[in-house]
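Written out below as C-alpha cells is the structure these notes cover.
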Amino acid sequence: MAEGISDYTKFAIDLRRHMWKAGVEIELRRLIWQIAVMGKYISAKIHESNRKLAGFKNIYGEEQLTLDRSADEILKNHLEDSGFVREYASEEREAIIQIGQGGEKYFVTADPLDGSSLVDTNLAIGTIIGIHKEPILTEGRETLVAAMYIMYGPLITMVYAAGKGAHEFVLNREGEYVLSEDNIRLKERGDIYSLGGLRSEWTPGHLKFVEYLEKESYKLRYSGGFVPDFNQVLIKRGGIFTYPALKENPRGKLRLLFELQPMAFIIEQAGGMATDGKQDILSIKVENLNQRCPVYIGSRFEVEKAKEFLAAA
Ligand code: F6P
Ligand code: MN
C-alpha cells in the first residue's frame with residue numbers, strides 16, 4: 001500500500017481517544033483537549049513574533065504584547081468560552097479572575113509561557129497548567145485533579161496527567177496530538193541533574209547533596225527553562241531537577257501554584273517525588289498566588305537523598 005496519511009493515523013492514538021480509554025471524566029477531558037489546542041495558537045504566536053514581539057508596533061501601529069502576555073490572553077480568551085472553567089489564575093496577572101457563569105466545574109492555573117527569557121536563544125519553552133476542582137486558593141492536596149504542560153521545542157509535545165498516569169503526545173503534521181509515551185514510569189534512580197541558583201548562594205546541606213551527585217557521576221543538564229529541564233528528567237525516566245532555597249532567598253525562585261504544583265502532580269503520576277526538601281510539594285499550603293518555594297523533583301532515590309543531606313546539615 002502506498003504510504004499516506006491514512007496509513008499513519010490508523011495506528012496513532014490521539015489525545016481524545018487516549019483520555020476516553022483511560023476513563024478521564026468527560027468535562028475534564030474536553031478541557032484538557034481544548035488547552036492542548038490553545039498550545040497551537042501559542043506556538044503560532046511564537047512563530048509570528050520572530051522572537052521580537054515585545055515593544056514593537058504591528059501594521060496598525062498598535063503596541064505588541066510580550067509573548068508571555070500574548071500567551072496569557074490566548075488562554076484566558078479561550079478558557080472563557082470553554083464552558084468548564086470558573087476561575088483563571090495566571091503568573092501574568094495580579095489576581096484570580098472569574099471567567100465563567102458561576103456553575104462551572106473547574107479552576108485553572110497557568111504559567112502561560114515559562115522560560116520566556118529563552119525566546120531569543122531559540123531554546124525550548126513551555127506552558128504549564130493546573131486544573132483544580134476547588135477554588136484556587138483552597139487548602140488541601142486533593143484539589144488538583146489534572147496537570148499538563150506543552151513544550152515548544154523542535155517538536156511540540158504535550159504531557160498530561162489526570163490521575164491515570166502521565167502520558168506524552170506529539171503534535172503531528174496533521175495538527176493532531178498523537179501518543180508518543182504511554183504511562184511514563186520513572187526508574188527508582190536516574191543519572192542526570194539540573195541545578196538552579198548560584199553555587200555561592202547554596203546552603204551547606206544543598207552543597208553537600210550536589211557534591212554527592214557529582215561524586216556519583218551524575219550528568220549536568222540545565223537550560224534555564226523549567227519545562228524543558230523538567231521534561232528531560234521525566235522522559236529520561238529519572239534524575240533530579242532542583243531550584244533550592246538560597247541564602248539570600250530562602251523561598252527559592254519557582255512559584256508553587258503555577259509551576260511546582262502541576263509538575264509535582266505529573267511526577268507523582270509517573271512514580272517520582274517532589275518536595276521542598278522536607279515536605280511534599282502537594283502538601284504545602286498555598287497562601288498567596290505568587291508564593292515561591294524551593295523544589296527537589298525527580299526520581300525517588302535522588303529526592304530522598306536530598307532530604308537526608310538537608311536534614312543532616
Ligand atoms: O519561570 C522561572 C524560570 O524561568 C524557570 O523556567 C527556570 O527554571 C528558572 O526560572 C531559571 O532560573 P535561573 O535563571 O536563576 O537559572
Ligand atoms: Mn515560569
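Just so we're on the same page: first chain in the C-alpha cells is A, next is B, and so on; residues restart at 1 for each chain, and ligands are numbered from 1 in the order they show up.
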Please produce, as JSON lines, a per-residue contact table for chain A versus ligand 1 (criterion: any atom at most 8 Å away, only C-alpha atoms and all ligand atoms considered), showing the nearest atom pair and its distance in Å to one decimal, sorted by chain then residue number.
{"residue": "A:Asp111", "atom": "CA", "partner": "ligand 1", "partner_atom_place_in_ligand_line": "1 (O)", "distance": 8.0}
{"residue": "A:Asp114", "atom": "CA", "partner": "ligand 1", "partner_atom_place_in_ligand_line": "6 (O)", "distance": 5.1}
{"residue": "A:Gly115", "atom": "CA", "partner": "ligand 1", "partner_atom_place_in_ligand_line": "6 (O)", "distance": 4.1}
{"residue": "A:Ser116", "atom": "CA", "partner": "ligand 1", "partner_atom_place_in_ligand_line": "4 (O)", "distance": 6.8}
{"residue": "A:Ser117", "atom": "CA", "partner": "ligand 1", "partner_atom_place_in_ligand_line": "4 (O)", "distance": 6.7}
{"residue": "A:Ile125", "atom": "CA", "partner": "ligand 1", "partner_atom_place_in_ligand_line": "6 (O)", "distance": 7.9}
{"residue": "A:Leu195", "atom": "CA", "partner": "ligand 1", "partner_atom_place_in_ligand_line": "16 (O)", "distance": 7.8}
{"residue": "A:Gly196", "atom": "CA", "partner": "ligand 1", "partner_atom_place_in_ligand_line": "16 (O)", "distance": 4.8}
{"residue": "A:Gly197", "atom": "CA", "partner": "ligand 1", "partner_atom_place_in_ligand_line": "15 (O)", "distance": 5.1}
{"residue": "A:Leu198", "atom": "CA", "partner": "ligand 1", "partner_atom_place_in_ligand_line": "15 (O)", "distance": 7.5}
{"residue": "A:Ser223", "atom": "CA", "partner": "ligand 1", "partner_atom_place_in_ligand_line": "16 (O)", "distance": 7.9}
{"residue": "A:Gly224", "atom": "CA", "partner": "ligand 1", "partner_atom_place_in_ligand_line": "11 (C)", "distance": 4.3}
{"residue": "A:Gly225", "atom": "CA", "partner": "ligand 1", "partner_atom_place_in_ligand_line": "6 (O)", "distance": 3.7}
{"residue": "A:Phe226", "atom": "CA", "partner": "ligand 1", "partner_atom_place_in_ligand_line": "8 (O)", "distance": 3.5}
{"residue": "A:Val227", "atom": "CA", "partner": "ligand 1", "partner_atom_place_in_ligand_line": "6 (O)", "distance": 6.4}
{"residue": "A:Asp229", "atom": "CA", "partner": "ligand 1", "partner_atom_place_in_ligand_line": "8 (O)", "distance": 7.2}
{"residue": "A:Tyr243", "atom": "CA", "partner": "ligand 1", "partner_atom_place_in_ligand_line": "8 (O)", "distance": 7.3}
{"residue": "A:Lys253", "atom": "CA", "partner": "ligand 1", "partner_atom_place_in_ligand_line": "10 (O)", "distance": 6.8}
{"residue": "A:Leu254", "atom": "CA", "partner": "ligand 1", "partner_atom_place_in_ligand_line": "2 (C)", "distance": 5.8}
{"residue": "A:Arg255", "atom": "CA", "partner": "ligand 1", "partner_atom_place_in_ligand_line": "1 (O)", "distance": 7.6}
{"residue": "A:Glu259", "atom": "CA", "partner": "ligand 1", "partner_atom_place_in_ligand_line": "1 (O)", "distance": 7.5}
All residues 12 Å or closer to segment 134-144 of chain A, only C-alpha atoms, same chain fewer than 6 positions away omitted, as a count of residues only:
45
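Of the residues listed (A:Phe11, A:Trp20, A:Phe209, A:Phe230), A:Phe230 shows the shortest atom-to-atom separation from ligand 2; distances use only C-alpha atoms and all ligand atoms.
Residue nearest ligand 2, chosen from A:Tyr212, A:Trp33, A:Tyr149, A:Tyr41 and counting only C-alpha atoms and all ligand atoms: A:Tyr149.
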Can you work out the spacing between atom CA of Ser180 of chain A and atom CA of Gly272 of chain A in Å, to one decimal?
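Calculated distance between atom CA of Ser180 of chain A and atom CA of Gly272 of chain A is 19.7 Å.
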Closest of A:Gly298, A:Gly100, A:Gly165, A:Pro112 to ligand 2 - atom-to-atom distances counting only C-alpha atoms and all ligand atoms
A:Pro112
Run DSSP on the backbone and give me the residues of segment 233-276 of chain A it puts in alpha helix (DSSP H), as a PyMOL selection string.
chain A and resi 233-235+261-269
Distance criterion (only C-alpha atoms and all ligand atoms): nearest to ligand 2 out of A:Glu92, A:Leu171, A:Pro250, A:Ala245:
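Going through A:Glu92, A:Leu171, A:Pro250, A:Ala245 one by one, the smallest distance to ligand 2 is for A:Glu92.
Of the listed residues A:Ile156, A:Ala313, A:Leu213, A:Ile240, the one whose atoms come nearest to Gly175 of chain A is A:Ile156, with distances taken using only C-alpha atoms.
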Would you mind listing what lies within 12 Å of Ser217 of chain A as a ChimeraX atom specification, with only C-alpha atoms counted and same-chain residues fewer than 4 positions away left out?
/A:190-193,210-213,239
